[in-house]
file run02.cif (mmCIF, C-alpha atoms and all ligand atoms)
data_start
#
loop_
_atom_site.label_atom_id
_atom_site.label_comp_id
_atom_site.auth_asym_id
_atom_site.auth_seq_id
_atom_site.Cartn_x
_atom_site.Cartn_y
_atom_site.Cartn_z
CA MET A 582 0.00 0.00 0.00
CA THR A 583 1.30 3.45 -0.89
CA GLY A 584 -0.01 7.00 -0.64
CA THR A 585 1.39 10.52 -0.39
CA VAL A 586 4.55 11.59 1.45
CA GLY A 587 5.52 15.21 2.04
CA PHE A 588 9.34 15.34 1.93
CA ILE A 589 11.18 18.36 3.34
CA GLY A 590 14.94 18.70 2.81
CA LEU A 591 16.20 17.49 -0.58
CA GLY A 592 19.95 17.68 0.12
CA THR A 593 22.75 15.10 -0.09
CA MET A 594 20.64 12.42 1.61
CA GLY A 595 17.09 13.65 1.09
CA CYS A 596 17.09 13.70 -2.70
CA ASP A 597 18.00 10.01 -2.97
CA MET A 598 15.65 9.05 -0.14
CA ALA A 599 12.82 10.85 -1.97
CA ARG A 600 13.85 9.10 -5.20
CA ASN A 601 13.48 5.71 -3.51
CA LEU A 602 10.01 6.67 -2.28
CA LEU A 603 9.06 7.56 -5.86
CA LYS A 604 10.47 4.24 -7.11
CA ALA A 605 8.39 2.39 -4.49
CA GLY A 606 5.25 4.04 -5.86
CA TRP A 607 4.66 6.84 -3.35
CA ARG A 608 3.50 10.25 -4.51
CA VAL A 609 6.14 12.63 -3.13
CA GLN A 610 5.48 16.33 -2.52
CA GLY A 611 9.00 17.73 -2.06
CA HIS A 612 10.13 21.02 -0.56
CA ASP A 613 13.53 22.62 0.03
CA VAL A 614 14.49 26.23 0.74
CA ARG A 615 17.23 25.87 -1.87
CA GLU A 616 15.99 27.50 -5.07
CA GLY A 617 15.25 24.90 -7.74
CA ALA A 618 16.07 21.81 -5.60
CA ALA A 619 12.54 20.38 -5.76
CA GLN A 620 11.97 21.55 -9.33
CA ALA A 621 15.11 19.67 -10.41
CA MET A 622 13.40 16.40 -9.43
CA ALA A 623 10.10 17.09 -11.18
CA ALA A 624 11.12 15.08 -14.24
CA GLU A 625 11.56 12.06 -11.95
CA GLY A 626 7.98 12.39 -10.72
CA LEU A 627 8.45 14.51 -7.59
CA VAL A 628 5.73 17.13 -7.11
CA PRO A 629 7.52 20.38 -6.16
CA ALA A 630 5.98 22.16 -3.16
CA ALA A 631 6.60 25.87 -2.63
CA SER A 632 6.21 25.69 1.16
CA VAL A 633 6.13 23.32 4.12
CA ALA A 634 2.33 23.63 4.19
CA GLU A 635 2.10 22.74 0.50
CA ALA A 636 4.31 19.67 1.02
CA ALA A 637 2.10 18.54 3.91
CA ALA A 638 -1.25 19.22 2.23
CA GLY A 639 -3.17 15.95 1.85
CA ALA A 640 -0.11 13.83 2.74
CA ASP A 641 -0.29 10.65 4.83
CA ILE A 642 3.10 11.33 6.38
CA VAL A 643 5.65 14.14 6.28
CA VAL A 644 9.35 13.22 6.36
CA THR A 645 11.99 15.83 7.23
CA MET A 646 15.70 15.46 6.37
CA LEU A 647 17.36 18.71 7.49
CA PRO A 648 20.84 19.71 8.69
CA ASP A 649 20.45 20.48 12.42
CA THR A 650 18.06 20.99 15.35
CA PRO A 651 17.09 24.65 14.59
CA HIS A 652 16.11 23.73 11.00
CA VAL A 653 13.78 20.97 12.20
CA GLN A 654 12.34 23.21 14.93
CA ALA A 655 11.65 25.92 12.33
CA VAL A 656 9.91 23.47 9.98
CA VAL A 657 7.89 21.84 12.77
CA LEU A 658 7.15 24.67 15.21
CA GLY A 659 7.87 27.82 13.18
CA GLU A 660 5.50 30.05 11.29
CA GLY A 661 3.86 28.11 8.46
CA GLY A 662 5.25 24.90 9.99
CA LEU A 663 3.85 21.42 10.53
CA LEU A 664 2.31 22.11 13.95
CA ALA A 665 -0.05 24.59 12.29
CA ASN A 666 -0.22 22.69 8.98
CA PRO A 667 -0.15 18.97 9.81
CA PRO A 668 -0.40 16.32 7.10
CA ALA A 669 -3.84 14.78 6.64
CA GLY A 670 -2.49 11.52 8.10
CA ARG A 671 -1.22 13.38 11.18
CA LEU A 672 2.25 11.84 11.34
CA VAL A 673 5.65 13.56 11.08
CA VAL A 674 8.87 11.55 10.83
CA ASP A 675 12.13 13.43 11.30
CA MET A 676 15.09 11.54 9.84
CA SER A 677 17.75 14.22 10.49
CA THR A 678 20.33 13.87 13.27
CA ILE A 679 19.33 16.35 15.98
CA ALA A 680 19.25 16.78 19.79
CA PRO A 681 17.13 14.18 21.65
CA THR A 682 15.85 16.86 24.07
CA ALA A 683 14.48 18.94 21.17
CA VAL A 684 12.86 15.78 19.74
CA ARG A 685 11.00 15.15 22.99
CA GLU A 686 9.76 18.75 23.14
CA MET A 687 8.44 18.59 19.57
CA HIS A 688 6.85 15.21 20.31
CA VAL A 689 4.94 16.66 23.27
CA ARG A 690 3.77 19.75 21.35
CA LEU A 691 2.69 17.83 18.24
CA LYS A 692 0.98 15.15 20.29
CA ALA A 693 -1.03 17.78 22.20
CA ALA A 694 -2.24 18.98 18.79
CA GLY A 695 -3.17 15.46 17.65
CA THR A 696 -0.13 14.72 15.44
CA GLY A 697 2.34 11.88 15.98
CA PHE A 698 6.11 12.46 15.82
CA LEU A 699 8.90 9.94 15.35
CA ASP A 700 12.65 10.48 15.44
CA ALA A 701 14.11 8.18 12.77
CA PRO A 702 17.75 9.12 12.09
CA VAL A 703 19.74 7.05 9.65
CA SER A 704 23.16 5.52 9.11
CA GLY A 705 24.71 4.35 5.85
CA GLY A 706 25.79 7.59 4.19
CA PRO A 707 24.94 8.85 0.71
CA GLN A 708 25.64 5.37 -0.71
CA GLY A 709 23.05 3.85 1.62
CA ALA A 710 20.56 6.61 0.76
CA LYS A 711 21.04 5.93 -2.94
CA ALA A 712 20.80 2.16 -2.64
CA GLY A 713 17.83 2.32 -0.23
CA THR A 714 19.78 0.31 2.33
CA LEU A 715 19.92 2.76 5.24
CA SER A 716 19.84 1.60 8.84
CA ILE A 717 16.97 3.50 10.46
CA MET A 718 16.69 3.82 14.27
CA VAL A 719 13.29 4.94 15.42
CA GLY A 720 12.11 6.51 18.66
CA GLY A 721 8.47 7.20 19.49
CA GLU A 722 5.18 5.43 19.89
CA ALA A 723 4.72 1.88 18.59
CA ALA A 724 1.48 2.67 16.73
CA ASP A 725 3.19 5.57 14.88
CA PHE A 726 6.14 3.31 14.06
CA ALA A 727 3.79 0.70 12.58
CA ARG A 728 2.20 3.37 10.36
CA ALA A 729 5.55 4.79 9.24
CA ARG A 730 7.13 1.42 8.50
CA PRO A 731 6.02 1.09 4.83
CA VAL A 732 7.48 4.55 4.12
CA LEU A 733 10.73 3.75 5.93
CA ALA A 734 10.98 0.41 4.11
CA ALA A 735 11.38 2.28 0.81
CA MET A 736 14.52 3.99 2.16
CA GLY A 737 16.19 1.43 4.40
CA THR A 738 16.67 -2.25 5.04
CA THR A 739 17.53 -2.29 8.77
CA ILE A 740 14.58 -0.66 10.50
CA ASN A 741 14.27 -0.84 14.28
CA HIS A 742 12.02 0.71 16.89
CA VAL A 743 14.55 1.37 19.67
CA GLY A 744 12.40 3.04 22.33
CA GLU A 745 10.37 6.09 23.20
CA SER A 746 10.68 9.57 21.74
CA GLY A 747 14.36 10.62 21.46
CA ALA A 748 15.73 7.06 21.67
CA GLY A 749 16.40 6.96 17.92
CA GLN A 750 18.63 10.02 18.27
CA THR A 751 20.43 8.53 21.28
CA VAL A 752 21.30 5.40 19.29
CA LYS A 753 22.35 7.53 16.31
CA LEU A 754 24.66 9.63 18.51
CA CYS A 755 26.28 6.42 19.79
CA ASN A 756 26.71 5.44 16.13
CA GLN A 757 28.42 8.77 15.38
CA LEU A 758 30.76 8.42 18.35
CA ILE A 759 31.93 5.08 16.97
CA CYS A 760 32.25 6.46 13.42
CA GLY A 761 34.37 9.44 14.54
CA ILE A 762 36.77 7.44 16.68
CA ASN A 763 36.97 4.68 14.07
CA LEU A 764 37.82 7.16 11.33
CA GLN A 765 40.57 8.56 13.53
CA ALA A 766 41.96 5.02 13.95
CA VAL A 767 41.94 4.54 10.17
CA CYS A 768 43.75 7.89 9.71
CA GLU A 769 46.43 6.88 12.21
CA ALA A 770 46.99 3.47 10.57
CA LEU A 771 47.26 5.04 7.10
CA ALA A 772 49.66 7.73 8.35
CA LEU A 773 51.88 5.13 10.00
CA GLY A 774 51.79 2.73 7.05
CA ARG A 775 52.60 5.56 4.64
CA ALA A 776 55.55 6.73 6.72
CA ALA A 777 56.86 3.14 6.82
CA GLY A 778 56.57 2.90 3.04
CA VAL A 779 53.98 0.15 2.65
CA ASP A 780 51.47 0.11 -0.21
CA LEU A 781 48.37 1.64 1.38
CA SER A 782 45.86 0.20 -1.10
CA GLN A 783 47.18 -3.29 -0.47
CA MET A 784 47.29 -2.67 3.28
CA ARG A 785 43.63 -1.61 3.21
CA GLU A 786 42.61 -4.77 1.39
CA VAL A 787 44.57 -6.97 3.79
CA LEU A 788 43.06 -5.22 6.82
CA LEU A 789 39.54 -5.55 5.41
CA GLY A 790 40.03 -9.32 5.52
CA GLY A 791 40.81 -9.32 9.24
CA SER A 792 39.72 -7.97 12.60
CA ALA A 793 40.50 -4.32 11.73
CA ALA A 794 37.83 -4.27 9.02
CA SER A 795 35.40 -1.36 9.32
CA TRP A 796 32.91 0.68 7.30
CA MET A 797 35.28 3.67 7.44
CA LEU A 798 38.26 1.71 6.13
CA ASP A 799 36.10 0.11 3.46
CA ARG A 800 34.11 3.12 2.20
CA LEU A 801 36.35 6.10 2.97
CA GLY A 802 39.76 4.40 2.75
CA PRO A 803 40.12 4.66 -1.07
CA ALA A 804 39.42 8.43 -1.08
CA MET A 805 41.80 8.98 1.83
CA ILE A 806 44.60 7.04 0.10
CA ALA A 807 43.98 8.98 -3.14
CA GLY A 808 44.01 12.31 -1.24
CA GLU A 809 40.43 13.10 -2.35
CA THR A 810 38.42 15.18 0.05
CA GLY A 811 35.21 15.92 -1.96
CA ALA A 812 31.61 15.06 -1.28
CA GLY A 813 29.81 12.84 1.22
CA PHE A 814 29.06 13.30 4.90
CA ARG A 815 30.51 16.74 5.59
CA ILE A 816 33.07 17.52 8.33
CA ASP A 817 30.68 20.30 9.50
CA LEU A 818 27.84 17.81 9.98
CA MET A 819 30.10 15.44 11.97
CA LEU A 820 31.13 18.34 14.20
CA LYS A 821 27.42 19.02 14.77
CA ASP A 822 26.93 15.36 15.73
CA LEU A 823 29.97 15.38 18.05
CA ARG A 824 28.49 18.47 19.73
CA LEU A 825 25.22 16.58 20.23
CA VAL A 826 27.17 13.62 21.67
CA ARG A 827 28.94 15.99 24.06
CA GLU A 828 25.68 17.61 25.18
CA LEU A 829 24.18 14.19 25.90
CA SER A 830 27.26 12.90 27.73
CA ASP A 831 27.48 16.11 29.80
CA ALA A 832 23.83 15.79 30.80
CA LEU A 833 24.38 12.17 31.87
CA ALA A 834 27.87 12.77 33.38
CA VAL A 835 29.45 10.06 31.21
CA PRO A 836 33.09 10.90 30.39
CA LEU A 837 34.02 10.30 26.73
CA PRO A 838 37.78 10.97 26.40
CA GLY A 839 38.07 9.35 22.96
CA THR A 840 35.28 11.52 21.58
CA ALA A 841 36.90 14.63 23.08
CA LEU A 842 40.20 13.84 21.38
CA VAL A 843 38.78 13.19 17.93
CA THR A 844 36.61 16.32 18.21
CA THR A 845 39.75 18.47 18.45
CA GLN A 846 40.94 16.95 15.17
CA TYR A 847 37.62 17.69 13.45
CA VAL A 848 37.88 21.28 14.75
CA GLU A 849 41.40 21.49 13.30
CA ALA A 850 40.15 20.17 9.95
CA ARG A 851 37.39 22.79 9.85
CA ALA A 852 39.87 25.54 10.79
CA HIS A 853 41.86 24.55 7.70
CA GLY A 854 38.82 25.01 5.47
CA GLU A 855 37.70 21.36 5.30
CA GLY A 856 34.23 21.94 6.83
CA GLY A 857 32.42 21.51 3.51
CA ASN A 858 34.39 18.40 2.53
CA GLY A 859 33.51 14.78 3.26
CA ASN A 860 34.73 13.04 6.44
CA GLN A 861 37.62 11.49 4.49
CA ALA A 862 39.20 14.97 4.79
CA LEU A 863 40.07 14.14 8.42
CA PHE A 864 43.17 12.46 6.96
CA LYS A 865 44.41 15.96 5.96
CA VAL A 866 45.02 16.58 9.67
CA TYR A 867 47.48 13.66 9.60
CA ASP A 868 49.01 14.95 6.33
CA ARG A 869 49.82 18.18 8.14
CA MET A 870 51.15 16.44 11.27
CA THR A 871 53.45 14.28 9.12
CA ASN A 872 54.48 17.03 6.68
CA GLN A 873 52.86 15.38 3.67
P1 LIG B 901 22.32 18.65 3.41
O1 LIG B 901 22.77 19.94 4.03
O2 LIG B 901 22.98 18.17 2.17
O3 LIG B 901 20.74 18.73 3.10
C1 LIG B 901 19.83 19.40 3.93
C2 LIG B 901 18.81 20.10 3.04
O4 LIG B 901 17.86 20.77 3.88
C3 LIG B 901 19.43 21.20 2.16
O5 LIG B 901 19.09 20.96 0.80
C4 LIG B 901 18.83 22.49 2.68
O6 LIG B 901 18.61 23.47 1.68
C5 LIG B 901 17.52 21.99 3.26
N1 LIG B 901 16.92 22.90 4.25
C6 LIG B 901 17.54 23.55 5.26
N2 LIG B 901 16.64 24.27 5.96
C7 LIG B 901 15.43 24.04 5.39
C8 LIG B 901 14.12 24.49 5.66
N3 LIG B 901 13.87 25.33 6.69
N4 LIG B 901 13.11 24.08 4.88
C9 LIG B 901 13.35 23.24 3.82
N5 LIG B 901 14.59 22.78 3.51
C10 LIG B 901 15.60 23.18 4.28
O7 LIG B 901 22.43 17.57 4.57
P2 LIG B 901 22.47 15.97 4.42
O8 LIG B 901 23.88 15.52 4.24
O9 LIG B 901 21.42 15.55 3.47
O10 LIG B 901 22.07 15.55 5.91
C11 LIG B 901 20.74 15.74 6.40
C12 LIG B 901 20.69 15.18 7.83
O11 LIG B 901 21.00 13.78 7.80
C13 LIG B 901 21.67 15.81 8.80
O12 LIG B 901 21.09 15.92 10.08
C14 LIG B 901 22.84 14.84 8.80
O13 LIG B 901 23.58 14.90 10.01
C15 LIG B 901 22.12 13.52 8.63
N6 LIG B 901 22.90 12.46 7.97
C16 LIG B 901 23.70 12.74 6.90
C17 LIG B 901 24.44 11.70 6.31
C18 LIG B 901 25.38 11.97 5.13
O14 LIG B 901 26.19 11.09 4.85
N7 LIG B 901 25.31 13.10 4.46
C19 LIG B 901 24.34 10.41 6.79
C20 LIG B 901 23.48 10.14 7.86
C21 LIG B 901 22.75 11.18 8.44
#
call {"tool": "encode", "arguments": {"input": "run02.cif", "output": "structure tokens", "more": "lines below"}}
Ligand code: NAD
result
Amino acid sequence: MTGTVGFIGLGTMGCDMARNLLKAGWRVQGHDVREGAAQAMAAEGLVPAASVAEAAAGADIVVTMLPDTPHVQAVVLGEGGLLANPPAGRLVVDMSTIAPTAVREMHVRLKAAGTGFLDAPVSGGPQGAKAGTLSIMVGGEAADFARARPVLAAMGTTINHVGESGAGQTVKLCNQLICGINLQAVCEALALGRAAGVDLSQMREVLLGGSAASWMLDRLGPAMIAGETGAGFRIDLMLKDLRLVRELSDALAVPLPGTALVTTQYVEARAHGEGGNGNQALFKVYDRMTNQ
């Protein structure tokens, strides 16, 4: 069974997630503040919406895929937002990575107005968004999760309800902590191997066959070895996620020394102008430390 999805935020991830909804037979009413972003997908069947309200009009569910907490708050609670203009099906699913506390506040306000709200952040990067194989971690009420599931199934293959409102974001922040520290470990191994003169491409392949195998080494390793910094999950967005991790760990008084260390390296990367580049650009920090 399909229907209509309002999709807000057609960026790196959102445009391919919306494409997969279209492929699965959903009518998608897409909106982005970026001029022409929705229009550019009209030939693929997306119905461009000029506003949040237009994207939500008559929709079963609205999905948001936006950069950070204030963007989601503006789209949900702001003037012309989803609180005042809910979809006909009265369910909003935010798939961005944002603060769990803000999620719970929006959940309470939407629920009081008769609209359900799920936090459903994702892991798997732009490749996962394109392939429709994202891992989706969902917080919120079970009945809302059951209703959202067919929509989520068009975008991901690992779909789990992990607890009440905000729990999806908590699991996602734990995911990001592992990704950041793991990427740092890959950077260090590549820097050491390079200095010792081994063939890095061969080293990567060997390591992928053993206990050091990881998503970062597999997916980002080739770009790091080639010195490519380009597109993907931006350094700026990872710094946002590390800030969210820090806020959560401060609130719970859980020390995270590894996260603190890798955060300083992300800050250094951004200070050198890498904020708009993909996470593979973290290796540039090691280039500088080793005079490469
Ligand atoms: P992005 O910046 O490429 O896309 C966000 C889109 O939202 C942009 O097109 C922007 O114009 C639009 N936008 C901003 N404010 C808006 C508003 N008020 N109304 C309508 N549109 C608005 O970001 P992305 O890489 O697609 O990431 C989106 C979210 O998913 C982030 O929270 C990110 O942390 C998370 N995420 C990203 C990746 C990745 O690999 N890129 C992976 C997993 C999760």
call {"tool": "residues_around", "arguments": {"input": "run02.cif", "residues": "Gln861 of chain A", "least_positions_apart": "4", "cutoff": "10 Å", "atoms": "all atoms listed in the file", "output": "VMD selection string"}}
result
chain A and resid 764 to 765 767 to 768 797 to 798 800 to 806 808 to 816 855 865
call {"tool": "axis_aligned_box", "arguments": {"input": "run02.cif", "around": "segment 621-634 of chain A", "padding_each_side": "8 Å", "output": "lines of an AutoDock Vina configuration file"}}
result
center_x = 8.7
center_y = 19.0
center_z = -5.0
size_x = 28.8
size_y = 29.8
size_z = 34.4
call {"tool": "closest_residue", "arguments": {"input": "run02.cif", "among": "A:Leu663, A:Ala694, A:Leu820, A:Ala630", "to": "Pro648 of chain A", "atoms": "only C-alpha atoms"}}
result
A:Leu820
call {"tool": "closest_residue", "arguments": {"input": "run02.cif", "among": "A:Val657, A:Val848, A:Leu833, A:Val628", "to": "ligand LIG 901 (chain B)", "atoms": "only C-alpha atoms and all ligand atoms"}}
result
A:Val657
call {"tool": "closest_residue", "arguments": {"input": "run02.cif", "among": "A:Pro707, A:Ala631, A:Arg671, A:Ala680", "to": "Gly695 of chain A", "atoms": "all atoms listed in the file"}}
result
A:Arg671
call {"tool": "residues_near_ligand", "arguments": {"input": "run02.cif", "ligand": "ligand LIG 901 (chain B)", "cutoff": "7 Å", "atoms": "all atoms listed in the file", "output": "MDAnalysis selection string"}}
result
chainID A and resid 589:595 612:615 646:649 652 655:656 676:679 702:707 813:815 818:819 822
call {"tool": "residues_around", "arguments": {"input": "run02.cif", "residues": "Gly662 of chain A", "least_positions_apart": "5", "cutoff": "12 Å", "atoms": "all atoms listed in the file", "output": "MDAnalysis selection string"}}
result
chainID A and resid 589 632:638 643 645 652:657 667:668 673 687 691
call {"tool": "write_last_selection", "arguments": {"input": "run02.cif", "atoms": "C-alpha atoms", "output": "compact mmCIF listing (two decimals), in the coordinates of the input"}}
result
# COMPACT_ATOMS: atom_id res chain seq x y z
CA ILE A 589 11.18 18.36 3.34
CA SER A 632 6.21 25.69 1.16
CA VAL A 633 6.13 23.32 4.12
CA ALA A 634 2.33 23.63 4.19
CA GLU A 635 2.10 22.74 0.50
CA ALA A 636 4.31 19.67 1.02
CA ALA A 637 2.10 18.54 3.91
CA ALA A 638 -1.25 19.22 2.23
CA VAL A 643 5.65 14.14 6.28
CA THR A 645 11.99 15.83 7.23
CA HIS A 652 16.11 23.73 11.00
CA VAL A 653 13.78 20.97 12.20
CA GLN A 654 12.34 23.21 14.93
CA ALA A 655 11.65 25.92 12.33
CA VAL A 656 9.91 23.47 9.98
CA VAL A 657 7.89 21.84 12.77
CA PRO A 667 -0.15 18.97 9.81
CA PRO A 668 -0.40 16.32 7.10
CA VAL A 673 5.65 13.56 11.08
CA MET A 687 8.44 18.59 19.57
CA LEU A 691 2.69 17.83 18.24
call {"tool": "closest_residue", "arguments": {"input": "run02.cif", "among": "A:Ser716, A:Phe726, A:Val866, A:Leu837", "to": "Gly744 of chain A", "atoms": "only C-alpha atoms"}}
result
A:Phe726
call {"tool": "atom_distance", "arguments": {"input": "run02.cif", "atom1": "atom CA of Leu715 of chain A", "atom2": "atom CA of Leu754 of chain A"}}
result
15.7 Å
call {"tool": "atom_distance", "arguments": {"input": "run02.cif", "atom1": "atom CA of Asp597 of chain A", "atom2": "atom CA of Gln708 of chain A"}}
result
9.2 Å
call {"tool": "closest_residue", "arguments": {"input": "run02.cif", "among": "A:Asp641, A:Asp817, A:Asp780, A:Glu828", "to": "Gly584 of chain A", "atoms": "only C-alpha atoms"}}
result
A:Asp641
call {"tool": "closest_residue", "arguments": {"input": "run02.cif", "among": "A:Thr738, A:Met622, A:Pro836, A:Arg869", "to": "Met718 of chain A", "atoms": "all atoms listed in the file"}}
result
A:Thr738
call {"tool": "atom_distance", "arguments": {"input": "run02.cif", "atom1": "atom CA of Thr585 of chain A", "atom2": "atom CA of Ala599 of chain A"}}
result
11.5 Å
call {"tool": "closest_atom_pairs", "arguments": {"input": "run02.cif", "of": "segment 626-683 of chain A", "to": "segment 727-730 of chain A", "cutoff": "9 Å", "atoms": "all atoms listed in the file", "output": "Markdown table"}}
result
| residue | atom | partner | partner_atom | distance |
| --- | --- | --- | --- | --- |
| A:Ile642 | CA | A:Ala729 | CA | 7.5 |
| A:Leu672 | CA | A:Ala729 | CA | 8.1 |
| A:Val673 | CA | A:Ala729 | CA | 9.0 |
| A:Val674 | CA | A:Ala729 | CA | 7.7 |
call {"tool": "write_last_selection", "arguments": {"input": "run02.cif", "atoms": "C-alpha atoms", "output": "compact mmCIF listing (two decimals), keeping the file's coordinate frame"}}
result
# COMPACT_ATOMS: atom_id res chain seq x y z
CA ILE A 642 3.10 11.33 6.38
CA LEU A 672 2.25 11.84 11.34
CA VAL A 673 5.65 13.56 11.08
CA VAL A 674 8.87 11.55 10.83
call {"tool": "residues_around", "arguments": {"input": "run02.cif", "residues": "Leu781 of chain A", "least_positions_apart": "3", "cutoff": "8 Å", "atoms": "all atoms listed in the file", "output": "number ranges by chain"}}
result
A: 771, 774-775, 784-785, 806
call {"tool": "build_atoms", "arguments": {"input": "run02.cif", "residues": "segment 789-808 of chain A", "atoms": "N, CA and C atoms", "output": "CSV table (one decimal), keeping the file's coordinate frame"}}
result
chain,number,residue,atom,x,y,z
A,789,LEU,N,41.0,-5.3,5.6
A,789,LEU,CA,39.5,-5.6,5.4
A,789,LEU,C,39.2,-7.0,5.5
A,790,GLY,N,40.2,-7.9,5.4
A,790,GLY,CA,40.0,-9.3,5.5
A,790,GLY,C,40.2,-9.8,6.9
A,791,GLY,N,40.5,-8.9,7.9
A,791,GLY,CA,40.8,-9.3,9.2
A,791,GLY,C,40.0,-8.5,10.3
A,792,SER,N,40.5,-8.5,11.5
A,792,SER,CA,39.7,-8.0,12.6
A,792,SER,C,39.7,-6.4,12.6
A,793,ALA,N,40.5,-5.8,11.8
A,793,ALA,CA,40.5,-4.3,11.7
A,793,ALA,C,39.5,-3.8,10.7
A,794,ALA,N,38.8,-4.7,10.0
A,794,ALA,CA,37.8,-4.3,9.0
A,794,ALA,C,36.8,-3.3,9.6
A,795,SER,N,36.4,-2.3,8.9
A,795,SER,CA,35.4,-1.4,9.3
A,795,SER,C,34.8,-0.7,8.1
A,796,TRP,N,33.6,-0.1,8.3
A,796,TRP,CA,32.9,0.7,7.3
A,796,TRP,C,33.8,1.8,6.8
A,797,MET,N,34.5,2.5,7.8
A,797,MET,CA,35.3,3.7,7.4
A,797,MET,C,36.5,3.3,6.5
A,798,LEU,N,37.1,2.2,6.9
A,798,LEU,CA,38.3,1.7,6.1
A,798,LEU,C,37.8,1.3,4.7
A,799,ASP,N,36.6,0.6,4.7
A,799,ASP,CA,36.1,0.1,3.5
A,799,ASP,C,35.7,1.3,2.5
A,800,ARG,N,34.7,2.1,3.1
A,800,ARG,CA,34.1,3.1,2.2
A,800,ARG,C,34.9,4.4,2.0
A,801,LEU,N,35.6,4.8,3.1
A,801,LEU,CA,36.4,6.1,3.0
A,801,LEU,C,37.8,5.9,2.7
A,802,GLY,N,38.3,4.7,2.9
A,802,GLY,CA,39.8,4.4,2.8
A,802,GLY,C,40.3,4.8,1.4
A,803,PRO,N,39.6,4.4,0.3
A,803,PRO,CA,40.1,4.7,-1.1
A,803,PRO,C,40.3,6.2,-1.3
A,804,ALA,N,39.3,7.0,-0.9
A,804,ALA,CA,39.4,8.4,-1.1
A,804,ALA,C,40.6,9.0,-0.2
A,805,MET,N,40.7,8.5,1.0
A,805,MET,CA,41.8,9.0,1.8
A,805,MET,C,43.2,8.7,1.2
A,806,ILE,N,43.3,7.5,0.7
A,806,ILE,CA,44.6,7.0,0.1
A,806,ILE,C,44.9,7.9,-1.2
A,807,ALA,N,43.8,8.2,-1.9
A,807,ALA,CA,44.0,9.0,-3.1
A,807,ALA,C,44.1,10.5,-2.9
A,808,GLY,N,43.9,10.9,-1.6
A,808,GLY,CA,44.0,12.3,-1.2
A,808,GLY,C,42.8,13.1,-1.7
